[in-house]
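Data block below; observations after.
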Amino acid sequence: MKDFFIPTEKNGYRPRLLSRFALYTYLVVILFVNLGINYLIPVSVKAELNINYIYDYQNDERAKRGLPDLLINTKLVESANTKAKAMLESNCWSHYCPDGKSPWDFFDNAGYSYIYAGENLAEGFISTEKLMEAWMNSPTHRVNIVNTNFTEVGIGYAEGNFQNNSNNMIIVVHFGSRVDFTPSINLPDTGSIDTNLVKFTYPTDGISTKLNTFDILGTSPENSIIAINLNGSYFKELTSMGKVFKYPIATPLVDGDYIIYAEAYDKDNTFLGSSRNINFRIDTVSPIIDESGIEVTEVLVEDNSRSAIINYNDTDAYEIQDVQTGRISYRNASGYFALQIYENDIKGNEATSFKISDKAGNNAELDIPVEVIISMMDDLQSPLLHQLKDNIENLSSNQNIRLSVNWGFASFLTIIFGIDFLFLTKTGLSNSHRSKSHINLILYIILLLILIIGITSGNILNGSMK
Amino acid sequence: MNMNNSFSWKYRPLFYSFVLFMGLILFTLAIQSEQPQFYPYIIVVLSFVFILEIFSTIYFGNKILQQYSIPAIEIRDKFSNTIQHFVLPFSLFISIVMFIYFHNYVVIKWIILLCAFFLFWILFTNLRAFYEDKFKIEIKTHYIYDIISIISFFGLYDSVLNICNYWGQNLIITLLLLVFLILIYLGIILIRLYNYKLFKLILPYIVVNIGLFLLFNSLGVSSIKIAFISTLMYSFYIAYAHSHNENLKTYRIFEEYFVILCISIILLVFN
């Protein structure tokens with residue numbers, strides 16, 4: 001028995017378990033197990049990749065750090081899914097896939113205007129728990145998950161033959177935040193301050209008003225004579241009372257754009273100074289609501305509750321308000337409205353009302369049946385977001401068999417080489433006409449190490465992250 | 001051996017290894033608790049401790065040797081010793097730090113840290129033995145340099161792949177960095193073993209190694225596996241250099257290495 005494990009003079013300092021015959025036998029067995037077994041035992045097992053779990057896990061990690069949850073954004077889900085499919089089709093495993101295409105191109109193509117963006121990739125993982133553990137243990141991936149700059153997330157996936165694995169699954173997580181996410185960021189213009197001698201306090205520059213009769217108000221040098229011009233023509237002359245002047249327009253002005261301008265003179269008719277041109281608009285017509293202009297463009301999911309971003313496409317409208325909650329959205333920098341409606345707020349109602357206003361303050365109301373909004377949310381969400389992604393046939397059990405056999409072999413060889421190494425060290429390493437035992441030993445120790453990692457810490461060997 | 005020497009021999013390498021071990025634990029804790037502002041400080045302090053131990057060992061060891069009027073070592077020995085006693089250990093330190101940074105798995109963390117502790121211990125013991133003329137201990141622990149070469153090669157190769165992945169995986173830059181790394185490490189082995197005849201094998205080795213990298217990369221083999229396969233190739237090269245040095249160029253020895261290499265690669269690729 002000693003001859004099998006320990007290098008002695010009798011076995012020529014080569015344990016029988018490390019003889020040429022033994023080594024070739026190991027090679028053949030390992031080859032058979034790894035190459036042949038795939039075709040002999042085509043059994044499938046269930047994997048547990050769960051998109052919801054990924055989403056929840058990420059938010060739990062953020063919550064631990066006092067960070068707000070990431071909202072699921074359907075545009076990000078779309079960009080993540082598109083990226084995953086593109087990677088699968090091109091069999092390309094990189095952030096720059098396919099053909100060097102940047103991740104940010106996918107964000108742009110999905111219509112997501114980001115100010116911050118990030119991407120995590122994974123493939124070849126069997127279980128979601130292992131995947132998340134791997135991501136959280138990787139500083140470069142963790143920094144995306146717990147990044148304070150990100151407010152939204154989209155999780156996409158693709159299944160199929162990828163990177164030499166016929167049942168592979170690619171997971172793509174897109175993180176982002178955007179400048180137009182928070183509604184109500186563009187507040188109405190409060191007017192400009194004229195620094196010239198004569199100043200209009202009403203109307204202010206750029207204002208739209210639904211009033212066609214109003215008081216023209218302003219300030220000027222004390223007790224000066226004010227000559228008001230409207231659209232380039234003389235309109236009215238009056239004397240200021242102290243430093244203010246006021247002229248009530250009695251005859252209604254017709255709807256349209258106007259330019260008002262004033263000059264100030266003293267009692268000797270000496271020109272004192274003027275105002276700058278003030279533009280204003282008279283608009284007495286209520287906005288015409290185009291029902292087809294209202295659509296759900298995004299669905300956000302947070303803590304099992306959904307909300308929709310309602311987009312209203314009407315160039316005449318200035319603000320849109322959810323009547324029930326009073327939430328208002330103004331036209332944003334991208335030229336559209338983004339009003340967030342929570343499913344829980346509208347559930348149980350027959351319809352939800354929107355008040356659409358133009359800049360002049362004219363209103364119109366529109367009732368949309370709740371079921372239409374819910375249906376729009378469902379339509380948008382279902383092809384993009386998979387709530388639950390478990391029970392996916394992903395990997396075959398022969399992989400488990402292979403893993404066990406390989407792990408066993410690696411352990412066995414490590415032990416044999418360990419004993420060999422210890423005894424050869426005693427007799428001298430270089431005079432036994434053997435390969436350098438310590439070189440082989442270290443290889444098997446590292447191999448064993450990696451196998452242990454593979455088993456205990458997720459698919460570090462097969463599952464890749466980027 | 002008086003008490004001071006006894007302390008110096010038995011406990012000083014152990015003490016410094018333990019300090020480095022604790023420092024690396026601190027580093028992993030900083031990574032786990034996401035305190036990146038501490039990373040550079042920890043690494044700089046640990047590097048200082050590491051270099052301090054190496055230099056103090058070399059400096060004071062040489063002082064002892066001078067008392068015995070031992071003739072100065074040759075230039076080539078100096079060069080070889082610099083690589084063996086400074087470049088390789090420091091590469092090991094860097095590769096362990098990089099590996100911990102890129103693969104901070106809970107289970108592996110402690111295994112890597114324990115491995116690092118024992119490697120540093122044996123290394124410091126060997127260094128002291130070398131410079132204080134303890135030949136028996138030096139010979140018994142000399143194998144540590146082969147192990148350090150293999151481990152640091154693996155760690156740095158894996159780090160190059162991780163860094164390149166992180167910065168966009170430009171294949172040309174990746175290949176250039178890998179060729180540079182392989183070149184340095186092959187050179188290190190040959191200089192360590194004074195075997196300049198084998199320099200002619202560097203080019204074919206690089207071609208084969210890079211070819212395997214391209215093959216496995218195109219097959220989608222994960223970067224850690226590729227790093228390990230390349231390390232296996234590197235160990236094969238070390239083994240060959242050793243055999244060449246000892247005139248053990250028998251078919252049987254290469255056959256043994258080759259079969260072990262094949263077993264290892266199969267175990268890796270199919271896992």
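Within each chain, counting starts at residue 1; across the structure tokens, chains are named A, B, ... in the order shown, with ligands numbered 1 upward in that order.
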
*Pick out the residues sitting within 10 Å of range 196-210 of chain A, and hand them over as a ChimeraX atom specification; count only C-alpha atoms, and ignore anything fewer than 2 positions along from it in its own chain.*
/A:188-194,212-221,226,243-246,255-264,272-286,358-362

_DSSP on the backbone, alpha helix (DSSP H) only: what residues of range 63-235 of chain B does that give? Format it as a PyMOL selection string._
chain B and resi 63-67+75-82+88-102+106-131+135-141+144-166+171-192+202-218+223-235

_Near-Ala84 in chain A list (6 Å; only C-alpha atoms; drop same-chain fewer than 6 positions) as a VMD selection string_ = chain A and resid 157 to 158 172

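The residue that comes closest to Phe153 in chain B, out of B:Thr231, B:Gln84, B:Asn165, B:Ser243 and on the basis of only C-alpha atoms, is B:Thr231.
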
*Skipping near chain neighbours, those fewer than 5 positions away, what residues fall within 9 Å of range 155-160 of chain B using only C-alpha atoms, listed as a list in words?*
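In the requested format, the answer is Ser91, Leu92, Ile94, Ser95, Ile96, Val97, Met98, Phe99, Phe102, Ile150, Asn165, Thr174, Leu177, Leu178, Leu181, Ile182, Ser223, Ile224, Lys225, Ile226, Ala227, Phe228, Ser230 and Thr231 of chain B.
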